[in-house]
Structures are given as C-alpha cells and as structure tokens.
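Listing of work_32.pdb, PDB, C-alpha atoms, pLDDT in the B column
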```
ATOM      1  CA  MET A 101       0.000   0.000   0.000  1.00 89.00           C
ATOM      2  CA  VAL A 102       2.867   2.384   0.794  1.00 91.00           C
ATOM      3  CA  PRO A 103       4.196   2.536  -2.805  1.00 92.00           C
ATOM      4  CA  TRP A 104       0.710   3.318  -4.118  1.00 96.00           C
ATOM      5  CA  LEU A 105       0.130   6.046  -1.551  1.00 96.00           C
ATOM      6  CA  ALA A 106       3.565   7.495  -2.241  1.00 96.00           C
ATOM      7  CA  ALA A 107       2.940   7.435  -5.994  1.00 97.00           C
ATOM      8  CA  GLY A 108      -0.336   9.275  -5.436  1.00 98.00           C
ATOM      9  CA  ALA A 109       1.449  11.873  -3.317  1.00 98.00           C
ATOM     10  CA  ALA A 110       4.127  12.300  -5.989  1.00 98.00           C
ATOM     11  CA  ALA A 111       1.447  12.881  -8.618  1.00 98.00           C
ATOM     12  CA  LEU A 112      -0.255  15.506  -6.442  1.00 98.00           C
ATOM     13  CA  PHE A 113       3.029  17.298  -5.740  1.00 98.00           C
ATOM     14  CA  ALA A 114       3.737  17.325  -9.479  1.00 98.00           C
ATOM     15  CA  ILE A 115       0.278  18.790 -10.127  1.00 98.00           C
ATOM     16  CA  ARG A 116       0.986  21.435  -7.495  1.00 98.00           C
ATOM     17  CA  LEU A 117       4.190  22.415  -9.316  1.00 98.00           C
ATOM     18  CA  VAL A 118       2.326  22.743 -12.617  1.00 97.00           C
ATOM     19  CA  LEU A 119      -0.393  24.879 -11.016  1.00 96.00           C
ATOM     20  CA  PHE A 120       2.221  26.974  -9.204  1.00 95.00           C
ATOM     21  CA  ALA A 121       3.924  27.687 -12.518  1.00 95.00           C
ATOM     22  CA  ALA A 122       0.568  28.439 -14.161  1.00 94.00           C
ATOM     23  CA  LEU A 123      -0.191  31.079 -11.530  1.00 92.00           C
ATOM     24  CA  HIS A 124       2.749  33.076 -12.842  1.00 90.00           C
ATOM     25  CA  LEU A 125       1.528  32.847 -16.437  1.00 89.00           C
ATOM     26  CA  VAL A 126      -2.118  33.801 -15.956  1.00 84.00           C
ATOM     27  CA  PRO A 127      -2.669  37.571 -15.649  1.00 72.00           C
ATOM     28  CA  GLY A 128      -4.074  38.242 -12.197  1.00 78.00           C
ATOM     29  CA  GLY A 129      -2.633  41.554 -11.090  1.00 80.00           C
ATOM     30  CA  VAL A 130       0.009  39.832  -8.953  1.00 86.00           C
ATOM     31  CA  HIS A 131       3.688  40.663  -9.483  1.00 85.00           C
ATOM     32  CA  PRO A 132       6.142  37.786  -8.796  1.00 86.00           C
ATOM     33  CA  VAL A 133       8.696  40.120  -7.187  1.00 85.00           C
ATOM     34  CA  ARG A 134       6.576  42.659  -5.326  1.00 84.00           C
ATOM     35  CA  HIS A 135       3.710  40.447  -4.169  1.00 87.00           C
ATOM     36  CA  ALA A 136       3.351  37.393  -1.940  1.00 88.00           C
ATOM     37  CA  VAL A 137       2.125  34.082  -3.331  1.00 92.00           C
ATOM     38  CA  SER A 138      -0.920  34.379  -1.056  1.00 89.00           C
ATOM     39  CA  ASP A 139      -2.018  37.406  -3.091  1.00 88.00           C
ATOM     40  CA  TYR A 140      -3.043  35.087  -5.934  1.00 90.00           C
ATOM     41  CA  ALA A 141      -5.906  33.758  -3.795  1.00 88.00           C
ATOM     42  CA  ALA A 142      -7.112  37.339  -3.226  1.00 85.00           C
ATOM     43  CA  SER A 143      -6.704  38.446  -6.847  1.00 85.00           C
ATOM     44  CA  PRO A 144      -9.552  40.437  -8.420  1.00 85.00           C
ATOM     45  CA  GLN A 145      -9.490  37.905 -11.276  1.00 89.00           C
ATOM     46  CA  PRO A 146     -11.774  34.894 -10.553  1.00 90.00           C
ATOM     47  CA  ARG A 147      -9.687  32.576 -12.744  1.00 92.00           C
ATOM     48  CA  THR A 148      -6.555  33.414 -10.757  1.00 91.00           C
ATOM     49  CA  ARG A 149      -8.358  32.812  -7.466  1.00 92.00           C
ATOM     50  CA  ARG A 150      -9.631  29.432  -8.672  1.00 94.00           C
ATOM     51  CA  LEU A 151      -6.157  28.457  -9.843  1.00 94.00           C
ATOM     52  CA  ALA A 152      -4.642  29.499  -6.507  1.00 94.00           C
ATOM     53  CA  THR A 153      -7.240  27.446  -4.645  1.00 96.00           C
ATOM     54  CA  ALA A 154      -6.550  24.400  -6.817  1.00 97.00           C
ATOM     55  CA  ALA A 155      -2.808  24.816  -6.223  1.00 96.00           C
ATOM     56  CA  SER A 156      -3.295  24.980  -2.456  1.00 97.00           C
ATOM     57  CA  TRP A 157      -5.694  22.037  -2.357  1.00 98.00           C
ATOM     58  CA  SER A 158      -3.443  19.861  -4.517  1.00 98.00           C
ATOM     59  CA  MET A 159      -0.605  20.575  -2.087  1.00 98.00           C
ATOM     60  CA  ALA A 160      -2.905  19.819   0.847  1.00 98.00           C
ATOM     61  CA  GLY A 161      -3.872  16.485  -0.687  1.00 98.00           C
ATOM     62  CA  ALA A 162      -0.246  15.690  -1.442  1.00 98.00           C
ATOM     63  CA  TRP A 163       0.817  16.205   2.176  1.00 98.00           C
ATOM     64  CA  VAL A 164      -2.096  14.158   3.527  1.00 98.00           C
ATOM     65  CA  VAL A 165      -1.400  11.231   1.196  1.00 98.00           C
ATOM     66  CA  LEU A 166       2.351  11.419   1.871  1.00 97.00           C
ATOM     67  CA  GLY A 167       1.666  11.503   5.606  1.00 96.00           C
ATOM     68  CA  ALA A 168      -0.520   8.413   5.258  1.00 95.00           C
ATOM     69  CA  ALA A 169       2.272   6.678   3.320  1.00 94.00           C
ATOM     70  CA  VAL A 170       4.821   7.518   6.011  1.00 94.00           C
ATOM     71  CA  LEU A 171       2.544   6.326   8.820  1.00 92.00           C
ATOM     72  CA  ALA A 172       1.718   3.125   6.913  1.00 91.00           C
ATOM     73  CA  ASP A 173       5.386   2.333   6.270  1.00 84.00           C
ATOM     74  CA  SER A 174       6.481  -0.523   8.541  1.00 72.00           C
ATOM     75  CA  ALA A 175      10.036   0.841   8.447  1.00 70.00           C
ATOM     76  CA  VAL A 176       8.846   4.005  10.211  1.00 64.00           C
ATOM     77  CA  SER A 177       8.296   3.700  13.940  1.00 60.00           C
ATOM     78  CA  GLY A 178       8.544   5.638  17.180  1.00 65.00           C
ATOM     79  CA  ALA A 179       9.858   9.174  16.818  1.00 63.00           C
ATOM     80  CA  MET A 180      10.009   8.869  13.022  1.00 70.00           C
ATOM     81  CA  ALA A 181       6.228   8.525  12.936  1.00 80.00           C
ATOM     82  CA  GLN A 182       5.876  12.090  14.220  1.00 89.00           C
ATOM     83  CA  PRO A 183       6.775  13.714  10.857  1.00 93.00           C
ATOM     84  CA  GLY A 184       3.941  11.734   9.296  1.00 93.00           C
ATOM     85  CA  LEU A 185       1.484  13.281  11.738  1.00 94.00           C
ATOM     86  CA  TRP A 186       2.821  16.762  10.999  1.00 96.00           C
ATOM     87  CA  MET A 187       2.297  16.081   7.301  1.00 97.00           C
ATOM     88  CA  LEU A 188      -1.386  15.541   8.040  1.00 97.00           C
ATOM     89  CA  VAL A 189      -1.449  18.838   9.945  1.00 97.00           C
ATOM     90  CA  LEU A 190       0.158  20.559   6.953  1.00 97.00           C
ATOM     91  CA  GLY A 191      -2.537  19.154   4.721  1.00 97.00           C
ATOM     92  CA  ALA A 192      -5.233  20.596   6.973  1.00 97.00           C
ATOM     93  CA  VAL A 193      -3.567  24.032   7.103  1.00 97.00           C
ATOM     94  CA  LEU A 194      -3.170  24.221   3.327  1.00 97.00           C
ATOM     95  CA  ALA A 195      -6.743  23.063   2.748  1.00 97.00           C
ATOM     96  CA  LEU A 196      -8.073  25.873   4.941  1.00 96.00           C
ATOM     97  CA  MET A 197      -5.846  28.704   3.699  1.00 94.00           C
ATOM     98  CA  PRO A 198      -7.850  29.510   0.523  1.00 92.00           C
ATOM     99  CA  LEU A 199     -10.929  29.918   2.730  1.00 93.00           C
ATOM    100  CA  VAL A 200      -9.123  32.630   4.724  1.00 92.00           C
ATOM    101  CA  PRO A 201      -7.531  34.801   2.019  1.00 88.00           C
ATOM    102  CA  THR A 202      -4.868  37.378   2.804  1.00 88.00           C
ATOM    103  CA  ASP A 203      -5.264  41.141   2.760  1.00 83.00           C
ATOM    104  CA  LEU A 204      -3.943  42.693  -0.439  1.00 78.00           C
ATOM    105  CA  PRO A 205      -0.963  45.073  -0.030  1.00 74.00           C
ATOM    106  CA  ASP A 206      -2.985  48.301  -0.337  1.00 76.00           C
ATOM    107  CA  ALA A 207      -6.010  47.068   1.632  1.00 74.00           C
ATOM    108  CA  PRO A 208      -6.663  47.686   5.357  1.00 83.00           C
ATOM    109  CA  THR A 209      -5.491  44.967   7.749  1.00 85.00           C
ATOM    110  CA  THR A 210      -8.320  42.671   8.829  1.00 90.00           C
ATOM    111  CA  LEU A 211      -8.739  39.860  11.342  1.00 92.00           C
ATOM    112  CA  ARG A 212      -9.045  37.478   8.402  1.00 89.00           C
ATOM    113  CA  GLY A 213      -5.707  38.712   7.063  1.00 88.00           C
ATOM    114  CA  ARG A 214      -4.037  38.212  10.447  1.00 93.00           C
ATOM    115  CA  VAL A 215      -5.389  34.668  10.671  1.00 94.00           C
ATOM    116  CA  HIS A 216      -4.068  33.983   7.172  1.00 92.00           C
ATOM    117  CA  LEU A 217      -0.634  35.286   8.187  1.00 91.00           C
ATOM    118  CA  LEU A 218      -0.584  32.981  11.231  1.00 95.00           C
ATOM    119  CA  MET A 219      -1.533  30.035   9.025  1.00 94.00           C
ATOM    120  CA  ALA A 220       1.213  30.942   6.548  1.00 94.00           C
ATOM    121  CA  ILE A 221       3.766  31.100   9.376  1.00 94.00           C
ATOM    122  CA  ALA A 222       2.604  27.684  10.601  1.00 95.00           C
ATOM    123  CA  TRP A 223       2.846  26.293   7.068  1.00 96.00           C
ATOM    124  CA  PHE A 224       6.369  27.604   6.505  1.00 96.00           C
ATOM    125  CA  THR A 225       7.601  26.542   9.955  1.00 96.00           C
ATOM    126  CA  ILE A 226       6.230  23.006   9.852  1.00 96.00           C
ATOM    127  CA  THR A 227       7.257  22.470   6.234  1.00 97.00           C
ATOM    128  CA  TYR A 228      10.831  23.552   6.873  1.00 97.00           C
ATOM    129  CA  SER A 229      11.027  21.375  10.003  1.00 96.00           C
ATOM    130  CA  GLU A 230      10.077  18.345   7.878  1.00 96.00           C
ATOM    131  CA  ILE A 231      13.165  18.604   5.643  1.00 97.00           C
ATOM    132  CA  GLY A 232      15.504  16.848   8.097  1.00 95.00           C
ATOM    133  CA  PRO A 233      13.180  13.909   8.820  1.00 94.00           C
ATOM    134  CA  MET A 234      12.465  13.474   5.101  1.00 95.00           C
ATOM    135  CA  ARG A 235      16.186  13.305   4.378  1.00 95.00           C
ATOM    136  CA  ARG A 236      16.643  10.664   7.094  1.00 92.00           C
ATOM    137  CA  MET A 237      13.751   8.589   5.727  1.00 91.00           C
ATOM    138  CA  LEU A 238      15.599   8.354   2.414  1.00 91.00           C
ATOM    139  CA  GLY A 239      18.707   6.920   4.093  1.00 86.00           C
ATOM    140  CA  GLY A 240      21.927   7.214   2.134  1.00 85.00           C
ATOM    141  CA  SER A 241      20.362   7.447  -1.307  1.00 90.00           C
ATOM    142  CA  ALA A 242      21.039  10.123  -3.907  1.00 93.00           C
ATOM    143  CA  LEU A 243      17.541  11.445  -3.231  1.00 96.00           C
ATOM    144  CA  ALA A 244      18.560  12.106   0.381  1.00 96.00           C
ATOM    145  CA  GLY A 245      21.428  14.260  -0.853  1.00 96.00           C
ATOM    146  CA  ALA A 246      19.061  16.170  -3.117  1.00 98.00           C
ATOM    147  CA  VAL A 247      16.629  16.752  -0.239  1.00 98.00           C
ATOM    148  CA  SER A 248      19.523  18.002   1.883  1.00 97.00           C
ATOM    149  CA  ALA A 249      20.491  20.467  -0.860  1.00 98.00           C
ATOM    150  CA  LEU A 250      16.877  21.618  -1.131  1.00 98.00           C
ATOM    151  CA  GLY A 251      16.881  22.134   2.629  1.00 97.00           C
ATOM    152  CA  ALA A 252      19.836  24.488   2.289  1.00 98.00           C
ATOM    153  CA  ILE A 253      18.081  26.385  -0.511  1.00 98.00           C
ATOM    154  CA  ALA A 254      14.926  26.600   1.597  1.00 98.00           C
ATOM    155  CA  ALA A 255      16.951  27.975   4.522  1.00 97.00           C
ATOM    156  CA  VAL A 256      18.419  30.731   2.359  1.00 97.00           C
ATOM    157  CA  GLY A 257      15.005  31.530   0.896  1.00 96.00           C
ATOM    158  CA  LEU A 258      13.383  31.624   4.336  1.00 96.00           C
ATOM    159  CA  ALA A 259      16.095  33.871   5.775  1.00 96.00           C
ATOM    160  CA  ALA A 260      15.785  36.256   2.824  1.00 95.00           C
ATOM    161  CA  LEU A 261      12.003  36.187   3.169  1.00 93.00           C
ATOM    162  CA  ILE A 262      12.124  37.134   6.862  1.00 93.00           C
ATOM    163  CA  ILE A 263      14.654  39.919   6.247  1.00 95.00           C
ATOM    164  CA  SER A 264      12.534  41.223   3.373  1.00 91.00           C
ATOM    165  CA  ARG A 265       9.478  41.215   5.617  1.00 87.00           C
ATOM    166  CA  LEU A 266      11.259  43.161   8.361  1.00 91.00           C
ATOM    167  CA  VAL A 267      13.031  45.711   6.140  1.00 91.00           C
ATOM    168  CA  PRO A 268      10.442  47.856   4.319  1.00 85.00           C
ATOM    169  CA  ALA A 269      12.947  48.937   1.652  1.00 85.00           C
ATOM    170  CA  LEU A 270      13.400  45.297   0.603  1.00 85.00           C
ATOM    171  CA  ARG A 271       9.771  44.214   0.767  1.00 82.00           C
ATOM    172  CA  THR A 272       8.908  45.111  -2.828  1.00 82.00           C
ATOM    173  CA  ARG A 273      12.295  44.020  -4.171  1.00 87.00           C
ATOM    174  CA  THR A 274      13.097  40.623  -2.695  1.00 90.00           C
ATOM    175  CA  PHE A 275      10.109  39.293  -0.710  1.00 91.00           C
ATOM    176  CA  GLY A 276       8.266  37.746  -3.641  1.00 92.00           C
ATOM    177  CA  ILE A 277      11.325  36.071  -5.119  1.00 94.00           C
ATOM    178  CA  SER A 278      12.603  34.697  -1.801  1.00 95.00           C
ATOM    179  CA  GLU A 279       9.159  33.342  -0.915  1.00 95.00           C
ATOM    180  CA  ARG A 280       8.863  31.604  -4.278  1.00 96.00           C
ATOM    181  CA  VAL A 281      12.335  30.065  -3.913  1.00 97.00           C
ATOM    182  CA  PHE A 282      11.351  28.734  -0.488  1.00 97.00           C
ATOM    183  CA  ILE A 283       8.021  27.346  -1.702  1.00 97.00           C
ATOM    184  CA  LEU A 284       9.643  25.674  -4.699  1.00 97.00           C
ATOM    185  CA  ALA A 285      12.288  24.018  -2.496  1.00 98.00           C
ATOM    186  CA  VAL A 286       9.774  22.733   0.055  1.00 98.00           C
ATOM    187  CA  THR A 287       7.572  21.363  -2.720  1.00 98.00           C
ATOM    188  CA  LEU A 288      10.375  19.509  -4.476  1.00 98.00           C
ATOM    189  CA  ALA A 289      11.710  17.952  -1.244  1.00 98.00           C
ATOM    190  CA  PRO A 290       8.535  15.991  -0.362  1.00 98.00           C
ATOM    191  CA  LEU A 291       8.123  15.121  -4.039  1.00 98.00           C
ATOM    192  CA  LEU A 292      11.521  13.410  -3.877  1.00 98.00           C
ATOM    193  CA  LEU A 293      10.541  11.598  -0.665  1.00 97.00           C
ATOM    194  CA  ALA A 294       7.334  10.410  -2.330  1.00 97.00           C
ATOM    195  CA  ILE A 295       9.320   9.151  -5.324  1.00 97.00           C
ATOM    196  CA  GLY A 296      11.729   7.356  -3.002  1.00 95.00           C
ATOM    197  CA  LEU A 297       8.932   5.661  -1.064  1.00 93.00           C
ATOM    198  CA  ALA A 298       7.120   4.732  -4.271  1.00 94.00           C
ATOM    199  CA  ALA A 299      10.282   3.114  -5.619  1.00 90.00           C
ATOM    200  CA  GLY A 300      10.436   1.222  -2.366  1.00 77.00           C
TER
END
```
Kindly transcribe the structure held in the file into structure tokens.
Amino acid sequence: MVPWLAAGAAALFAIRLVLFAALHLVPGGVHPVRHAVSDYAASPQPRTRRLATAASWSMAGAWVVLGAAVLADSAVSGAMAQPGLWMLVLGAVLALMPLVPTDLPDAPTTLRGRVHLLMAIAWFTITYSEIGPMRRMLGGSALAGAVSALGAIAAVGLAALIISRLVPALRTRTFGISERVFILAVTLAPLLLAIGLAAG
C-alpha cells in the first residue's frame, strides 16, 4: 500500500508544481517580485483565485497522502512517525488557507488577514522542520542528498524572506522572489521523498 500512496502523493506534488507555474503565467494583477504568493488567492481575477485554490488544495492532498504513506510504512516507527502526523497537519492548514484569504498590499489589515498570516507562518515553519526527517527517511540514497540540498536552498530563501518582511525597503524588491524560492524548495523535497517511497 505504501508505494501506491507514495505514488499518489508524488502525482499531487507534481500537479501542485504545474499549477504553481501556471499562476505566474495567468494575468491576475500579482507581481512575482513585489507580491506574496498568497495574493493570488485574493486576486480580483476569478480565474486566478480558482487556480490558486486548486494549487493549495493539490498541495494539501499531497501532504495528507504522503503523511498516510509515512505512517503506513512498517520501516517508520517511534519518533520517526511524528513527521507523518505533521504532514497531516500541513494538509489541513493548506486546505483551509484559501478559505481565509490574505489582505492585499494596499487594503486595510483585517482579522481574516491576520489569521491567514498565522496560518502561513505555521505552514512555513512546519514544512521547513520536515526537511531533516524526510532526508533521514531516504537513508543514504542520492535522493537524500538532493533533499539536503533543497533544505539548504529553503533555509536561504526563508532567511531572505524574513529579512525582506522586516526591512520595508526590501519588501517590494526581494520578498516575492525569496518566498517563491522557499516554496519551490519545500515542494520539491517531499516530491523526492514520495518518489523514493514509491520506488520502495
């Protein structure tokens, strides 16, 4: 059952990557450098909002199915089962995020926007914390090395993202790019784990 679940997760992560790329090709009033990825879900263009929702829900499904694969794997036990549970939590967070869209840059701050920000922080924190366990699950394979490299890229992207958030002069210059680098890295890493588990 584990290989089938992992293959399903890999397919969903791949779909997420395609939808993520499509968001940057469909006109929606969102700039890839100046704006956050969350802004796609609050775009004035209905097609962009639908695409953003599909991207988030495909990622949510991918994490849930990958978490189920990890928990069903007989080789995973004890403390190593905990990352599988966090994957399920990630799935729930990502499924809910489109229902609580962010505030657009020029709009007043709302309670809904604050809740969205907290959910985004939870998503980024939990996702980044999963990199190490995912690498260990892959043992000494080449995929483990690739996940480790993606972890380093994610760390750089996350650091740049935080600095860009705190320094107003950088917010419209580096925030969007650094966030997209981080998201790409933490999407590819679980995709590689799913491929590794599917290959068995």
Exercise for review: Quick one: apply the PyMOL selection byres ((chain A and resi 112-129) around 9) to the file and drop the selected residues here as number ranges by chain.
Suggested key: A: 107-111, 130-132, 140, 143-149, 151-152, 154-163, 165, 284, 287-288, 290-291, 294
Point to revise | Within 8 Å of Met197 (chain A) using only C-alpha atoms, minus same-chain residues under 6 positions, as a list of chain:residue names | key: A:Ser156, A:His216, A:Met219, A:Ala220
Exercise for review: Given the file shown, determine the residues that the PyMOL selection byres ((chain A and resi 134) around 12) selects; report them as a VMD selection string.
Suggested key: chain A and resid 129 to 133 135 to 139 204 to 205 261 264 to 265 268 to 280
**Study point:** Hits from the PyMOL selection byres ((chain A and resi 223) around 12), listed as a PyMOL selection string
**Key:** chain A and resi 156+159-160+163+186-197+216-222+224-230+282-283+286-287
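Among the candidates A:Ala106, A:Leu297, A:Ala249, A:Ala142, the residue lying nearest to Gly213 (chain A) is A:Ala142 (atoms considered: all atoms listed in the file).
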